[in-house]
Amino acid sequence: MNSPFPFGFPGPTAFYLTLYLVTFLIHALFMNYVLAGSSVLAVGAVLRRDTGPISALLRDWLPFMLSMAITAGVAPLLFIQILFREQFYTANLLLFHRWMSILPVLMIGFYLCYLLKSKMVRDWPLIARVAVGCGPFLCFGFVGWSWVENHLLSVQSAETWQRQYEAGTLVFRSAELIPRLALWFVAAFPTLALLLGWQLHVTQKEDDGWERADAARRVAIMGLAGLVLMAIAAGIYVGLMEATSRDAVLGPIAAPYFVVWMIGATAQGAVWALTLKSGRLGTRSLAIATAGLTAAFFGMAVVREATRLGRLDLESLYAKHEQATRVGGFWLFLFFLVVNGAIIAYSVRLSLTARRPDADEPEGETMPDEAKPEAGASS
Amino acid sequence: MDLPPYYPINDFGPAMKGIVIGGLGIFHVFLAMFAIGGGMLLCYFEWLGQTGRCPGAKKFVDGYFKAVVLVSFIVGAITGVAMWFTSIQVSPRTIGFMVHEFHWIWAIEWTFFSLEISSGYLFYRYGPKLTDVARLRLLATYAIASWFSLFWINGILSWQLTPGSWGDIGADTHSVWGGFFNAGFFPSLIFRTITAMTVASLAAMVIINLMPLDRAGKTDLINKSAHLLAPMIAMPVLGAWWTATMPADARATLFANIVMLMFLGMAVGSSVLIGLYAYFGLIRQRMYINGPTATLLTVLAFVATAGGEFVREGVRKPFTARAGLYSTSFTQVELDRLRQVGCVTNDPYPLQNADAYPSDQLRLGAKVFRFHCSVCHTYDGANAVLHLAGSWTPDQQRLNIAQLQRTKTFMPPFGGTPEELEALVQLIRWKSDGSPEAWPVSDDEATLAQIQAWLDEVGTRPGIELIHGGGAAEGGH
Ligand code: HEM
């Protein structure tokens, strides 16, 4: 643990950790859109300002993004069971009903998203519209909170687990819970801003300049505010976290990634500042912001992982990881990952190009960029 | 060493854990079947529509697909995650073990799941605007991907009952593919495929009835979707094939146990009814079928699925994986060890309501029950120990628990010390007596010696071996 990740770990552990991190990032990409996006819609519903292009895009894409967040969540769910089986299972068991409740809540949130998208709701009384507008965010916020709580419980000592079980409370209170959740929440906005930026860019038409400039500026504000708040929240969280975690985060294993995270965030910040001035979303600036987000994501993921690695007795897990590598099937997995990834890419292309001649051309909806994260879901 | 890992065990109240996982399983399987069969049905209808064989087909395809997305993508996907979470709640050791052994299979399945969701959404969103060729390609991708997710998961599920050449749990190396393509793989794969077609076809009839079409149009669509019911004819043969691949003792449990027979009856009876209606009504007479009848048939298919899933859960007992993991989450080697050191001596989790018991002996008994019985029994809810054994004499209780695998072959051997067993017996007596404030401690040497003698007499091998001869724990046959 004295060299940067993934060095300093035995091969099998580094291998599964990397797979876990990469798949987790795909989950985080969609999850960020869902979490931050649903909060934007909730605010819009309360303030009754939900008519602009951003709200329309969010309403249109939220169900799909949620589906992707869930689908992409399955892969890290698999690898976490190889890496930290006892920790993950124990936390699940201790939270019991409270943990299982995320599933019906997800389902309710999902249907509310579809409801929000339907025309029917527009004629409902105000109070019902506000309720439907806030519902998805309440649901997904609860799910996010639950994942954070489960995560924090999973890295506790055996004694804490036993006390928790004995008390039978099904709720885990930790001083880290709120700052960690807050960090996740505000950090979701730069991601949302970028994805929305692409969506707006692609659907942009010649004749709606003023409205688009306004939307571009809003996206830029989302991105900038998210970045600033993220820096503040991260600072608070590092101050409050348990000492062993802090040592790991600031120590050799994660420090280089901290720097990568900062650089990525700065690049995004620069792009959003320019966008705020110009009111324009260009391909080049979006590409730079994308590179920035990618770097920030990888940096953030490793730093996040360090908070866990710092606390566990990792050496006791090495043997399990080594055993797992002796199980067959990896090459076939790799094969299907490539093949199915290619078929997904092909299907996206097909859907965009093989239009019937009589089909009206590109709707008010978006496209090519949504295709991208989709293909990403399994590659 | 050789001790099982200890997890915090939850109390499910009056519900038996098997019912919880079984109940959710049925729901999930049914939805998955709807999605998988739906893929095939849609391809068929799209082809019918494009080749002019059925004019209303295309409209139906778009309508039916909406139902697939709204029901199956949401509830299906989430109940899938729920299956995983529930398995963790019921038996973390079992799911952890399966994940360890088959994680690449699951990872492969995930690539197909991603393909299924992506192609599905693309069709949902862009289908109406695409050329015929593109539509058919997307639908075929969707259908193939969803069928393959069945293919992969089926190997793991059938391995639980028939581990095949995967080998024994204690062995150093295992053959993943030997376990995957086990004896039960093909019969259950084909069986499930046909079930999927059946469910999709019946659900289609419900949906067709909801569509704004005239009577003739509906009848045409209904008769076309009935074509997917035709393969049901092969079900009896496949069922027989599947039972033939089962370990002999599991088959014996299936046919000798009244509850199992009831579930089997549910599955077979409902399927026969659907089959008869399909053959005479829909395929031979080309009849119309109205909404309520179609719904009734779909409910019957659900009942059949339920019966089938409970049979699948039930015949594995006393194992969750026949390769050597008992339902109580210990292996044979660990069981032998627990007989010497005690099953809860090393359990670090305290009781949640320790003060409710008047003595340490009863507290010990409660821990033994939690570790050793609670996965299949409750105190006085479903499959209640107090109802089953509460009225027995103390010695009947001692003997029958000491020789648990002989009492019922689908229970594992008792893996604990005589002191633990006596504590469990006292707990059952105390509870049957209405949990009085005071309860004498029972530590008579002669009683403990008698329990030890009974334990030694029956040994630590599974009960199915007492009837069917050696080797059952290694996976039967
Ligand atoms: C809208 C729904 C969801 C939201 C808002 C959400 C949010 C989150 C958050 C905030 C974390 C980070 C926890 C932390 O670092 O403390 C997380 C982790 C994770 N999520 Fe999700 N999630 C959602 C749905 C899902 C689903 C359905 C799955 C599974 C299929 C999933 C799988 C995971 C996994 C495996 C982790 C890593 C946990 C760990 O490392 O301890 N998520 N999620």
# chains A, B, ... in the order shown; residues from 1 in each chain; ligands from 1
$ interface_residues --of "chain B" --to "chain A" --cutoff "8 Å" --atoms "only C-alpha atoms" --output "PyMOL selection string"
chain B and resi 7-10+73-75+77-79+81-82+85-86+88-89+92+96+99-108+110-115+117-119+121-123+126-127+129-131+134+138+174-177+348-353
$ residues_around --residues "Ser3 (chain A)" --least-positions-apart "6" --cutoff "9 Å" --atoms "only C-alpha atoms" --output "PyMOL selection string"
chain A and resi 9+251-254
$ residues_around --residues "region 373-387 of chain B" --least-positions-apart "4" --cutoff "7 Å" --atoms "only C-alpha atoms" --output "PyMOL selection string"
chain B and resi 14-18+328+369+428+432
$ decode --residues "region 36-157 of chain B" --atoms "C-alpha atoms" --output "tab-separated table (two decimals), in the first residue's frame"
chain	number	residue	atom	x	y	z
B	36	ILE	CA	-37.90	-13.87	-23.31
B	37	GLY	CA	-40.95	-15.40	-24.97
B	38	GLY	CA	-42.01	-11.89	-25.92
B	39	GLY	CA	-38.87	-11.49	-28.00
B	40	MET	CA	-39.65	-14.60	-30.00
B	41	LEU	CA	-43.29	-13.71	-30.41
B	42	LEU	CA	-42.41	-10.23	-31.64
B	43	CYS	CA	-39.99	-11.54	-34.24
B	44	TYR	CA	-42.66	-13.92	-35.47
B	45	PHE	CA	-45.29	-11.20	-35.69
B	46	GLU	CA	-42.97	-8.72	-37.33
B	47	TRP	CA	-42.24	-11.31	-39.97
B	48	LEU	CA	-45.95	-12.05	-40.40
B	49	GLY	CA	-46.60	-8.35	-40.82
B	50	GLN	CA	-43.77	-7.69	-43.24
B	51	THR	CA	-44.66	-10.64	-45.45
B	52	GLY	CA	-48.31	-9.64	-45.56
B	53	ARG	CA	-49.48	-12.77	-43.78
B	54	CYS	CA	-51.16	-10.82	-41.01
B	55	PRO	CA	-52.11	-7.21	-41.67
B	56	GLY	CA	-52.64	-6.16	-38.05
B	57	ALA	CA	-49.35	-7.59	-36.87
B	58	LYS	CA	-47.17	-4.51	-37.06
B	59	LYS	CA	-49.41	-2.37	-34.97
B	60	PHE	CA	-49.55	-5.16	-32.46
B	61	VAL	CA	-45.75	-5.39	-32.34
B	62	ASP	CA	-45.40	-1.75	-31.30
B	63	GLY	CA	-48.17	-2.09	-28.71
B	64	TYR	CA	-46.84	-5.31	-27.25
B	65	PHE	CA	-43.35	-3.92	-27.09
B	66	LYS	CA	-44.56	-1.05	-24.94
B	67	ALA	CA	-45.90	-3.61	-22.48
B	68	VAL	CA	-42.59	-5.48	-22.54
B	69	VAL	CA	-40.69	-2.29	-21.78
B	70	LEU	CA	-43.01	-0.93	-19.15
B	71	VAL	CA	-43.50	-4.19	-17.32
B	72	SER	CA	-40.50	-6.30	-17.95
B	73	PHE	CA	-37.69	-3.74	-18.29
B	74	ILE	CA	-38.68	-2.09	-15.05
B	75	VAL	CA	-40.18	-4.70	-12.79
B	76	GLY	CA	-38.21	-7.51	-14.42
B	77	ALA	CA	-34.85	-5.80	-14.05
B	78	ILE	CA	-35.49	-4.68	-10.50
B	79	THR	CA	-36.83	-8.03	-9.34
B	80	GLY	CA	-33.67	-9.50	-10.86
B	81	VAL	CA	-31.55	-7.35	-8.58
B	82	ALA	CA	-34.02	-8.20	-5.82
B	83	MET	CA	-33.37	-11.92	-6.36
B	84	TRP	CA	-29.73	-11.28	-5.74
B	85	PHE	CA	-30.35	-9.21	-2.61
B	86	THR	CA	-32.87	-11.70	-1.26
B	87	SER	CA	-30.48	-14.59	-1.80
B	88	ILE	CA	-27.97	-12.67	0.28
B	89	GLN	CA	-30.56	-12.24	3.02
B	90	VAL	CA	-31.55	-15.89	3.02
B	91	SER	CA	-28.20	-17.59	2.56
B	92	PRO	CA	-25.14	-15.40	2.04
B	93	ARG	CA	-22.90	-18.42	2.05
B	94	THR	CA	-24.74	-20.05	-0.82
B	95	ILE	CA	-24.89	-17.04	-3.08
B	96	GLY	CA	-21.32	-16.12	-2.21
B	97	PHE	CA	-20.20	-19.58	-3.15
B	98	MET	CA	-22.09	-19.53	-6.42
B	99	VAL	CA	-20.79	-16.09	-7.31
B	100	HIS	CA	-17.27	-17.21	-6.61
B	101	GLU	CA	-17.51	-20.29	-8.78
B	102	PHE	CA	-19.49	-18.79	-11.65
B	103	HIS	CA	-18.62	-15.12	-11.68
B	104	TRP	CA	-17.50	-15.17	-15.28
B	105	ILE	CA	-20.73	-16.82	-16.33
B	106	TRP	CA	-22.59	-14.07	-14.57
B	107	ALA	CA	-20.36	-11.50	-16.19
B	108	ILE	CA	-21.13	-13.03	-19.58
B	109	GLU	CA	-24.80	-12.93	-18.77
B	110	TRP	CA	-24.43	-9.27	-17.96
B	111	THR	CA	-23.08	-8.52	-21.44
B	112	PHE	CA	-26.20	-10.13	-22.88
B	113	PHE	CA	-28.40	-8.28	-20.43
B	114	SER	CA	-26.85	-4.99	-21.56
B	115	LEU	CA	-27.43	-5.95	-25.17
B	116	GLU	CA	-31.03	-6.87	-24.41
B	117	ILE	CA	-31.75	-3.57	-22.69
B	118	SER	CA	-30.00	-1.49	-25.34
B	119	SER	CA	-31.60	-3.12	-28.34
B	120	GLY	CA	-34.93	-3.08	-26.54
B	121	TYR	CA	-34.80	0.63	-25.86
B	122	LEU	CA	-33.67	1.38	-29.37
B	123	PHE	CA	-36.60	-0.51	-30.79
B	124	TYR	CA	-38.97	1.11	-28.33
B	125	ARG	CA	-37.84	4.58	-29.27
B	126	TYR	CA	-37.04	4.35	-32.95
B	127	GLY	CA	-38.88	1.20	-34.08
B	128	PRO	CA	-41.82	2.98	-35.71
B	129	LYS	CA	-39.45	5.06	-37.87
B	130	LEU	CA	-37.18	2.27	-39.07
B	131	THR	CA	-37.10	0.28	-42.26
B	132	ASP	CA	-38.45	-3.27	-42.20
B	133	VAL	CA	-35.02	-4.82	-42.31
B	134	ALA	CA	-33.77	-2.69	-39.42
B	135	ARG	CA	-36.84	-3.46	-37.35
B	136	LEU	CA	-36.42	-7.17	-37.79
B	137	ARG	CA	-32.73	-7.01	-37.00
B	138	LEU	CA	-33.30	-5.09	-33.79
B	139	LEU	CA	-36.06	-7.41	-32.71
B	140	ALA	CA	-33.96	-10.46	-33.45
B	141	THR	CA	-31.06	-8.97	-31.47
B	142	TYR	CA	-33.40	-8.35	-28.58
B	143	ALA	CA	-34.87	-11.85	-28.74
B	144	ILE	CA	-31.54	-13.61	-29.01
B	145	ALA	CA	-29.97	-11.56	-26.23
B	146	SER	CA	-32.80	-12.18	-23.83
B	147	TRP	CA	-32.88	-15.89	-24.60
B	148	PHE	CA	-29.16	-16.10	-23.96
B	149	SER	CA	-29.54	-14.56	-20.54
B	150	LEU	CA	-31.75	-17.56	-19.79
B	151	PHE	CA	-29.14	-19.85	-21.29
B	152	TRP	CA	-26.41	-18.62	-18.94
B	153	ILE	CA	-28.40	-18.44	-15.76
B	154	ASN	CA	-29.95	-21.83	-16.43
B	155	GLY	CA	-26.56	-23.49	-16.25
B	156	ILE	CA	-25.92	-22.12	-12.78
B	157	LEU	CA	-29.38	-22.93	-11.46
